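A.B. asks: The following block contains the structure, expressed as structure tokens.
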Amino acid sequence: MKYIVNTSKNPAYNIALEAYAFKELRDIDEIFILWINEPAIIIGKHQNTIQEINKEFTDAHNIHVVRRLSGGGAVYHDLNNLNYTIISNKANEGAFDFKTFSKPVIDTLAKMGVKAEFTGRNDLEINGQKFAGNAQAYYKGRMMHHGCLLFDVDMTVLAQALKVSKDKIESKGVKSVRARVTNIIDHLEKKITVQEFSDAILAQMKEEYPEMEEYVLNEAELAAIQDLRDQQFATWDWTYGKAPEYTIERSVRYPAGKITTYANVENSIIKGIRIYGDFFGVRGVEDIENLLIGVRYDYQDILEKLKTIDTTQYFSRMTVEEVAKAIVA
């Protein structure tokens, strides 16, 4: 395993860095990166950005908004939030095994006297409160896993910057965003900085992977990452994209995630469809969107069409019937 030292605090650059390591440094079997962002909302690959954020608030407070490559939900980052990325060519050995990839974090906290547990589909909790979320992306047999750790994040800003849907709050059985999340620092007997916590995570990784050594990016690679930031991850098209035309909007939440569809239906035929949500999948939902064009907007017709492919590749831990019901009642 190799690790990359990254001192950038620019969210679009940091997302570009992990994307470059993920897709271009394929000769390296495993890569580990720690990174910290300036205030930002990081949007999941399949989400409708404008519905996930309080844009008036993010604009007024200069909060970056950047879309990542992986699925899952939107998260808030600031300078007291620590992110980690693990990239591996062993995608088939641990697909969606969030628990295994969270082990170094749990082990680090245990050494600090804090008991952390993996819960739900992708969360880490302390005393029943979430302090981390995880997400994964896949590309040509390669997997990228990343986690977002709330170390000493300003929860007031988090609650105002994110639009958390009512159904998600109710599904967790709590009354507010702030009631559900917690900062790591609040549970530490000895108060440390986020950088010291980052150093402790890296030390734990070196202990668990004794062969791990640093990989230093060369000038050409750094230039390519900057270009990726400028041409993709910092652009409006990538982060927001064009709003879909639709005549029917439908939203359904399952334990494995939420699916929201916007279907443009004429004479009961799907002319266009966009699918958003915080679900996880190995493949992009563009395939599903293209598959359904020309199909009658009818549950049975959509179900039969979806049965021609393996929908679990796009919607992890959901049945084909659940996917169909999320599109049409």
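A note on labels: chains of the structure tokens are A, B, ... as shown, every chain counts residues from 1, and ligands are counted from 1 in their shown order.
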List every residue of region 32-60 of chain A that has an atom at most 12 Å from any atom of region 152-155 of chain A, giving for each one its closest atom pair and the distance in Å to one decimal, counting only C-alpha atoms, sorted by chain and then by ascending residue number, as JSON lines.
C.D. replies:
{"residue": "A:Ile36", "atom": "CA", "partner": "A:Val153", "partner_atom": "CA", "distance": 11.6}
{"residue": "A:Asn37", "atom": "CA", "partner": "A:Val153", "partner_atom": "CA", "distance": 11.4}
{"residue": "A:Glu38", "atom": "CA", "partner": "A:Val153", "partner_atom": "CA", "distance": 11.3}
{"residue": "A:Pro39", "atom": "CA", "partner": "A:Val153", "partner_atom": "CA", "distance": 9.7}
{"residue": "A:Ala40", "atom": "CA", "partner": "A:Val153", "partner_atom": "CA", "distance": 11.5}
A.B. asks: Using only N, CA and C atoms, please write the residues we just selected to a file, as an mmCIF file, in the first residue's frame.
C.D. replies:
data_model
loop_
_atom_site.group_PDB
_atom_site.id
_atom_site.type_symbol
_atom_site.label_atom_id
_atom_site.label_comp_id
_atom_site.auth_asym_id
_atom_site.auth_seq_id
_atom_site.Cartn_x
_atom_site.Cartn_y
_atom_site.Cartn_z
ATOM 1 N N ILE A 36 -8.332 17.368 4.184
ATOM 2 C CA ILE A 36 -9.213 18.289 4.911
ATOM 3 C C ILE A 36 -9.677 19.363 3.938
ATOM 4 N N ASN A 37 -10.963 19.690 3.992
ATOM 5 C CA ASN A 37 -11.533 20.686 3.083
ATOM 6 C C ASN A 37 -11.891 21.988 3.787
ATOM 7 N N GLU A 38 -11.820 23.074 3.030
ATOM 8 C CA GLU A 38 -12.465 24.310 3.436
ATOM 9 C C GLU A 38 -13.967 24.036 3.485
ATOM 10 N N PRO A 39 -14.762 24.917 4.126
ATOM 11 C CA PRO A 39 -16.207 24.676 4.215
ATOM 12 C C PRO A 39 -16.812 24.317 2.865
ATOM 13 N N ALA A 40 -17.498 23.163 2.815
ATOM 14 C CA ALA A 40 -18.027 22.660 1.551
ATOM 15 C C ALA A 40 -19.144 21.660 1.797
#
A.B. asks: Among the residues of region 121-302 of chain A, find those DSSP assigns to strand (DSSP E or B) from the backbone and print them as an NGL selection string.
C.D. replies: :A and (123-126 or 129-139 or 142-150 or 162 or 181 or 213-214 or 248-254 or 257-266 or 269-277 or 296)
A.B. asks: Taking into account only C-alpha atoms, which residue in the set A:Trp238, A:Tyr276, A:Phe151, A:Tyr209 is nearest to Val194 (chain A)?
C.D. replies: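 That would be A:Phe151, the residue with the smallest distance to Val194 (chain A).
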A.B. asks: What parts of region 145-297 of chain A does DSSP call helix (DSSP H, G or I)? I'd like the answer as JSON, numbers by chain.
C.D. replies: {"A": [155, 156, 157, 158, 159, 160, 161, 166, 167, 168, 169, 170, 171, 172, 177, 178, 179, 180, 184, 185, 186, 187, 194, 195, 196, 197, 198, 199, 200, 201, 202, 203, 204, 205, 206, 207, 208, 219, 220, 221, 222, 223, 224, 225, 226, 227, 228, 229, 230, 231, 232, 233, 236, 237, 238, 239, 286, 287, 288, 289, 290, 291, 292]}
A.B. asks: Tell me which protein, DNA and RNA residues are within 9 Å of Gly284 (chain A), counting only C-alpha atoms, leaving out same-chain ones fewer than 5 positions away, and put them as a ChimeraX atom specification.
C.D. replies: /A:45-46,313-314
A.B. asks: May I ask for the distance between CA of Lys307 (chain A) and CA of Val320 (chain A), given in Å to one decimal place?
C.D. replies: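 Going from CA of Lys307 (chain A) over to CA of Val320 (chain A), I get 6.8 Å.
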A.B. asks: For Leu291 (chain A), find every residue with an atom within 10 Å (counting only C-alpha atoms), except residues of its own chain fewer than 4 positions away, and show them as a list in words.
C.D. replies: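 Here the answer would be Ile273, Val285, Glu286, Asp287, Val295, Ile302, Lys305, Leu306, Thr308 and Ile309 of chain A.
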A.B. asks: From the options A:Thr193, A:Ser70, A:Asn54, A:Ser88, which residue's atoms come nearest to Arg283 (chain A), counting only C-alpha atoms?
C.D. replies: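 Of the candidates, the smallest distance to Arg283 (chain A) is held by A:Ser70.
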A.B. asks: Any chance you could tabulate, as a Markdown table, the residues of region 210-273 of chain A at most 10 Å from region 10-18 of chain A with each one's nearest atom pair and distance in Å to one decimal, using only C-alpha atoms, in chain and rising number order?
C.D. replies:
| residue | atom | partner | partner_atom | distance |
| --- | --- | --- | --- | --- |
| A:Glu221 | CA | A:Leu17 | CA | 9.5 |
| A:Leu222 | CA | A:Leu17 | CA | 8.5 |
| A:Ala224 | CA | A:Leu17 | CA | 9.2 |
| A:Ile225 | CA | A:Leu17 | CA | 5.7 |
| A:Gln226 | CA | A:Tyr13 | CA | 6.6 |
| A:Asp227 | CA | A:Ala16 | CA | 8.7 |
| A:Leu228 | CA | A:Ala16 | CA | 5.8 |
| A:Arg229 | CA | A:Tyr13 | CA | 5.2 |
| A:Asp230 | CA | A:Ala12 | CA | 8.2 |
| A:Gln231 | CA | A:Ala16 | CA | 9.9 |
| A:Gln232 | CA | A:Ala16 | CA | 8.2 |
| A:Phe233 | CA | A:Ala12 | CA | 5.3 |
| A:Ala234 | CA | A:Ala12 | CA | 5.4 |
| A:Thr235 | CA | A:Ala12 | CA | 9.1 |
A.B. asks: For those residues, write N, CA, C and O atoms to a file as a tab-separated table (two decimals), in the first residue's frame.
C.D. replies:
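The result, stored in again12.tsv:
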chain	number	residue	atom	x	y	z
A	221	GLU	N	1.86	14.68	-12.89
A	221	GLU	CA	0.67	14.18	-12.21
A	221	GLU	C	-0.07	15.30	-11.49
A	221	GLU	O	-1.31	15.38	-11.53
A	222	LEU	N	0.68	16.19	-10.86
A	222	LEU	CA	0.06	17.34	-10.18
A	222	LEU	C	-0.65	18.25	-11.17
A	222	LEU	O	-1.74	18.76	-10.89
A	224	ALA	N	-1.94	17.29	-14.03
A	224	ALA	CA	-3.11	16.57	-14.50
A	224	ALA	C	-4.25	16.67	-13.48
A	224	ALA	O	-5.42	16.80	-13.86
A	225	ILE	N	-3.92	16.62	-12.21
A	225	ILE	CA	-4.93	16.75	-11.15
A	225	ILE	C	-5.54	18.15	-11.17
A	225	ILE	O	-6.76	18.31	-11.07
A	226	GLN	N	-4.71	19.17	-11.34
A	226	GLN	CA	-5.20	20.54	-11.42
A	226	GLN	C	-6.13	20.72	-12.62
A	226	GLN	O	-7.17	21.37	-12.53
A	227	ASP	N	-5.76	20.12	-13.73
A	227	ASP	CA	-6.58	20.20	-14.93
A	227	ASP	C	-7.93	19.49	-14.72
A	227	ASP	O	-8.98	19.98	-15.16
A	228	LEU	N	-7.89	18.36	-14.03
A	228	LEU	CA	-9.12	17.62	-13.73
A	228	LEU	C	-10.04	18.46	-12.84
A	228	LEU	O	-11.26	18.48	-13.03
A	229	ARG	N	-9.42	19.16	-11.90
A	229	ARG	CA	-10.21	20.06	-11.05
A	229	ARG	C	-10.86	21.15	-11.89
A	229	ARG	O	-12.07	21.40	-11.78
A	230	ASP	N	-10.07	21.80	-12.73
A	230	ASP	CA	-10.56	22.95	-13.50
A	230	ASP	C	-11.60	22.55	-14.55
A	230	ASP	O	-12.56	23.28	-14.79
A	231	GLN	N	-11.39	21.40	-15.19
A	231	GLN	CA	-12.24	21.00	-16.31
A	231	GLN	C	-13.46	20.19	-15.90
A	231	GLN	O	-14.42	20.07	-16.67
A	232	GLN	N	-13.43	19.60	-14.70
A	232	GLN	CA	-14.57	18.78	-14.28
A	232	GLN	C	-15.12	19.16	-12.92
A	232	GLN	O	-16.23	19.69	-12.82
A	233	PHE	N	-14.37	18.93	-11.87
A	233	PHE	CA	-14.93	18.99	-10.53
A	233	PHE	C	-15.25	20.40	-10.02
A	233	PHE	O	-16.04	20.55	-9.09
A	234	ALA	N	-14.67	21.42	-10.64
A	234	ALA	CA	-14.98	22.79	-10.24
A	234	ALA	C	-16.00	23.45	-11.17
A	234	ALA	O	-16.27	24.63	-11.05
A	235	THR	N	-16.58	22.68	-12.09
A	235	THR	CA	-17.49	23.26	-13.08
A	235	THR	C	-18.95	23.17	-12.62
A	235	THR	O	-19.34	22.25	-11.89
A.B. asks: List as a PDB file with N, CA and C atoms, in the first residue's frame the protein and nucleic acid residues near region 101-111 of chain A, meaning an atom at most 10 Å away when only C-alpha atoms are counted, but skip any in the same chain fewer than 6 places from it.
C.D. replies:
ATOM      1  N   TYR A  84     -10.876  10.532   4.673  1.00  0.00           N
ATOM      2  CA  TYR A  84      -9.869   9.549   4.288  1.00  0.00           C
ATOM      3  C   TYR A  84     -10.356   8.770   3.077  1.00  0.00           C
ATOM      4  N   THR A  85      -9.408   8.372   2.238  1.00  0.00           N
ATOM      5  CA  THR A  85      -9.712   7.622   1.026  1.00  0.00           C
ATOM      6  C   THR A  85      -8.841   6.380   0.974  1.00  0.00           C
ATOM      7  N   ILE A  86      -9.454   5.242   0.691  1.00  0.00           N
ATOM      8  CA  ILE A  86      -8.726   3.994   0.455  1.00  0.00           C
ATOM      9  C   ILE A  86      -9.107   3.496  -0.933  1.00  0.00           C
ATOM     10  N   GLY A  94     -13.962  -7.219  -1.403  1.00  0.00           N
ATOM     11  CA  GLY A  94     -14.627  -6.519  -0.306  1.00  0.00           C
ATOM     12  C   GLY A  94     -15.666  -5.535  -0.779  1.00  0.00           C
ATOM     13  N   GLU A 117     -18.658   2.292  16.918  1.00  0.00           N
ATOM     14  CA  GLU A 117     -19.285   1.104  16.338  1.00  0.00           C
ATOM     15  C   GLU A 117     -19.772   1.385  14.929  1.00  0.00           C
ATOM     16  N   PHE A 118     -19.722   0.346  14.093  1.00  0.00           N
ATOM     17  CA  PHE A 118     -20.273   0.438  12.748  1.00  0.00           C
ATOM     18  C   PHE A 118     -21.745   0.062  12.813  1.00  0.00           C
ATOM     19  N   ASN A 122     -23.925   2.404   6.388  1.00  0.00           N
ATOM     20  CA  ASN A 122     -22.618   3.019   6.119  1.00  0.00           C
ATOM     21  C   ASN A 122     -22.194   4.024   7.184  1.00  0.00           C
ATOM     22  N   ASP A 123     -22.664   3.874   8.418  1.00  0.00           N
ATOM     23  CA  ASP A 123     -22.378   4.866   9.456  1.00  0.00           C
ATOM     24  C   ASP A 123     -21.433   4.334  10.532  1.00  0.00           C
ATOM     25  N   LEU A 124     -20.722   5.272  11.161  1.00  0.00           N
ATOM     26  CA  LEU A 124     -19.974   4.993  12.379  1.00  0.00           C
ATOM     27  C   LEU A 124     -20.585   5.847  13.487  1.00  0.00           C
ATOM     28  N   GLU A 125     -20.770   5.253  14.656  1.00  0.00           N
ATOM     29  CA  GLU A 125     -21.437   5.958  15.740  1.00  0.00           C
ATOM     30  C   GLU A 125     -20.685   5.836  17.057  1.00  0.00           C
ATOM     31  N   ALA A 132     -19.546   9.657  11.403  1.00  0.00           N
ATOM     32  CA  ALA A 132     -18.904   9.371  10.118  1.00  0.00           C
ATOM     33  C   ALA A 132     -19.866   8.687   9.173  1.00  0.00           C
ATOM     34  N   GLY A 133     -19.676   8.976   7.899  1.00  0.00           N
ATOM     35  CA  GLY A 133     -20.391   8.273   6.843  1.00  0.00           C
ATOM     36  C   GLY A 133     -19.377   7.757   5.847  1.00  0.00           C
ATOM     37  N   ASN A 134     -19.732   6.715   5.133  1.00  0.00           N
ATOM     38  CA  ASN A 134     -18.820   6.122   4.165  1.00  0.00           C
ATOM     39  C   ASN A 134     -19.500   5.966   2.814  1.00  0.00           C
ATOM     40  N   HIS A 145     -12.978   3.745  -1.639  1.00  0.00           N
ATOM     41  CA  HIS A 145     -13.781   3.884  -0.432  1.00  0.00           C
ATOM     42  C   HIS A 145     -13.337   5.158   0.271  1.00  0.00           C
ATOM     43  N   HIS A 146     -14.303   5.998   0.650  1.00  0.00           N
ATOM     44  CA  HIS A 146     -13.906   7.156   1.444  1.00  0.00           C
ATOM     45  C   HIS A 146     -14.872   7.407   2.588  1.00  0.00           C
ATOM     46  N   GLY A 147     -14.299   7.970   3.647  1.00  0.00           N
ATOM     47  CA  GLY A 147     -15.069   8.265   4.846  1.00  0.00           C
ATOM     48  C   GLY A 147     -14.943   9.727   5.213  1.00  0.00           C
ATOM     49  N   LEU A 149     -15.218  12.123   8.511  1.00  0.00           N
ATOM     50  CA  LEU A 149     -15.204  12.051   9.964  1.00  0.00           C
ATOM     51  C   LEU A 149     -15.469  13.431  10.574  1.00  0.00           C
ATOM     52  N   ILE A 184     -16.251  13.991  17.221  1.00  0.00           N
ATOM     53  CA  ILE A 184     -15.313  13.107  17.913  1.00  0.00           C
ATOM     54  C   ILE A 184     -14.699  13.789  19.131  1.00  0.00           C
ATOM     55  N   HIS A 187     -15.862  13.510  22.738  1.00  0.00           N
ATOM     56  CA  HIS A 187     -15.741  12.236  23.450  1.00  0.00           C
ATOM     57  C   HIS A 187     -14.296  11.925  23.866  1.00  0.00           C
ATOM     58  N   LEU A 188     -13.375  12.821  23.550  1.00  0.00           N
ATOM     59  CA  LEU A 188     -11.969  12.605  23.876  1.00  0.00           C
ATOM     60  C   LEU A 188     -11.626  13.196  25.236  1.00  0.00           C
ATOM     61  N   PHE A 197      -5.205  14.342  15.111  1.00  0.00           N
ATOM     62  CA  PHE A 197      -6.056  13.166  14.883  1.00  0.00           C
ATOM     63  C   PHE A 197      -5.720  12.520  13.541  1.00  0.00           C
ATOM     64  N   ALA A 200      -2.669  10.518  13.909  1.00  0.00           N
ATOM     65  CA  ALA A 200      -2.940   9.275  14.638  1.00  0.00           C
ATOM     66  C   ALA A 200      -3.550   8.221  13.699  1.00  0.00           C
ATOM     67  N   ILE A 201      -4.430   8.661  12.789  1.00  0.00           N
ATOM     68  CA  ILE A 201      -5.025   7.734  11.813  1.00  0.00           C
ATOM     69  C   ILE A 201      -3.937   7.162  10.908  1.00  0.00           C
ATOM     70  N   LEU A 202      -3.036   8.045  10.431  1.00  0.00           N
ATOM     71  CA  LEU A 202      -1.952   7.588   9.560  1.00  0.00           C
ATOM     72  C   LEU A 202      -1.041   6.605  10.295  1.00  0.00           C
ATOM     73  N   ALA A 203      -0.747   6.889  11.555  1.00  0.00           N
ATOM     74  CA  ALA A 203       0.088   5.987  12.353  1.00  0.00           C
ATOM     75  C   ALA A 203      -0.587   4.625  12.517  1.00  0.00           C
ATOM     76  N   GLN A 204      -1.899   4.627  12.699  1.00  0.00           N
ATOM     77  CA  GLN A 204      -2.641   3.376  12.832  1.00  0.00           C
ATOM     78  C   GLN A 204      -2.605   2.594  11.531  1.00  0.00           C
ATOM     79  N   MET A 205      -2.736   3.295  10.406  1.00  0.00           N
ATOM     80  CA  MET A 205      -2.655   2.638   9.109  1.00  0.00           C
ATOM     81  C   MET A 205      -1.288   1.990   8.911  1.00  0.00           C
ATOM     82  N   LYS A 206      -0.231   2.691   9.304  1.00  0.00           N
ATOM     83  CA  LYS A 206       1.122   2.142   9.167  1.00  0.00           C
ATOM     84  C   LYS A 206       1.298   0.914  10.059  1.00  0.00           C
ATOM     85  N   GLU A 207       0.609   0.909  11.192  1.00  0.00           N
ATOM     86  CA  GLU A 207       0.685  -0.250  12.090  1.00  0.00           C
ATOM     87  C   GLU A 207      -0.041  -1.446  11.484  1.00  0.00           C
ATOM     88  N   GLU A 208      -1.206  -1.189  10.879  1.00  0.00           N
ATOM     89  CA  GLU A 208      -1.996  -2.273  10.312  1.00  0.00           C
ATOM     90  C   GLU A 208      -1.481  -2.709   8.939  1.00  0.00           C
TER      91      GLU A 208
END
A.B. asks: For CA of Gly128 (chain A) and CA of Leu34 (chain A), quote the distance in Å rounded to one decimal.
C.D. replies: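 So the two atoms, CA of Gly128 (chain A) and CA of Leu34 (chain A), lie 25.4 Å apart.
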A.B. asks: In terms of the shortest atom-to-atom distance over only C-alpha atoms, which of A:Ile327, A:Gly113, A:Trp236, A:Leu82 is closest to Lys190 (chain A)?
C.D. replies: A:Gly113
A.B. asks: Could you pull the residues within 6 Å of Ala74 (chain A), counting only C-alpha atoms, minus those fewer than 5 positions along the same chain, as a list in words?
C.D. replies: Ile42, Ile43 and Gly44 of chain A
A.B. asks: Generate a file of the selected residues that holds all heavy atoms, formatted as a compact mmCIF listing (two decimals), in the first residue's frame.
C.D. replies:
# COMPACT_ATOMS: atom_id res chain seq x y z
N ILE A 42 -20.33 18.28 -0.02
CA ILE A 42 -19.92 17.29 -1.02
C ILE A 42 -21.14 16.43 -1.36
O ILE A 42 -21.69 15.75 -0.50
CB ILE A 42 -18.77 16.41 -0.49
CG1 ILE A 42 -17.63 17.30 0.06
CG2 ILE A 42 -18.27 15.49 -1.59
CD1 ILE A 42 -17.02 18.25 -0.95
N ILE A 43 -21.54 16.50 -2.62
CA ILE A 43 -22.77 15.88 -3.09
C ILE A 43 -22.49 14.48 -3.64
O ILE A 43 -21.49 14.25 -4.31
CB ILE A 43 -23.40 16.74 -4.22
CG1 ILE A 43 -23.70 18.14 -3.71
CG2 ILE A 43 -24.65 16.08 -4.79
CD1 ILE A 43 -24.82 18.23 -2.72
N GLY A 44 -23.39 13.53 -3.35
CA GLY A 44 -23.26 12.18 -3.90
C GLY A 44 -23.48 12.17 -5.40
O GLY A 44 -24.17 13.03 -5.95
A.B. asks: So how many Å separate CA of Tyr76 (chain A) and CA of Leu217 (chain A), to one decimal?
C.D. replies: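 Separating CA of Tyr76 (chain A) from CA of Leu217 (chain A) is a distance of 27.7 Å.
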A.B. asks: Restricting the calculation to only C-alpha atoms, which member of A:Ala135, A:Ile126, A:Ile28, A:Val181 is positioned closest to Arg68 (chain A)?
C.D. replies: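 Among the listed residues, A:Ala135 lies closest to Arg68 (chain A).
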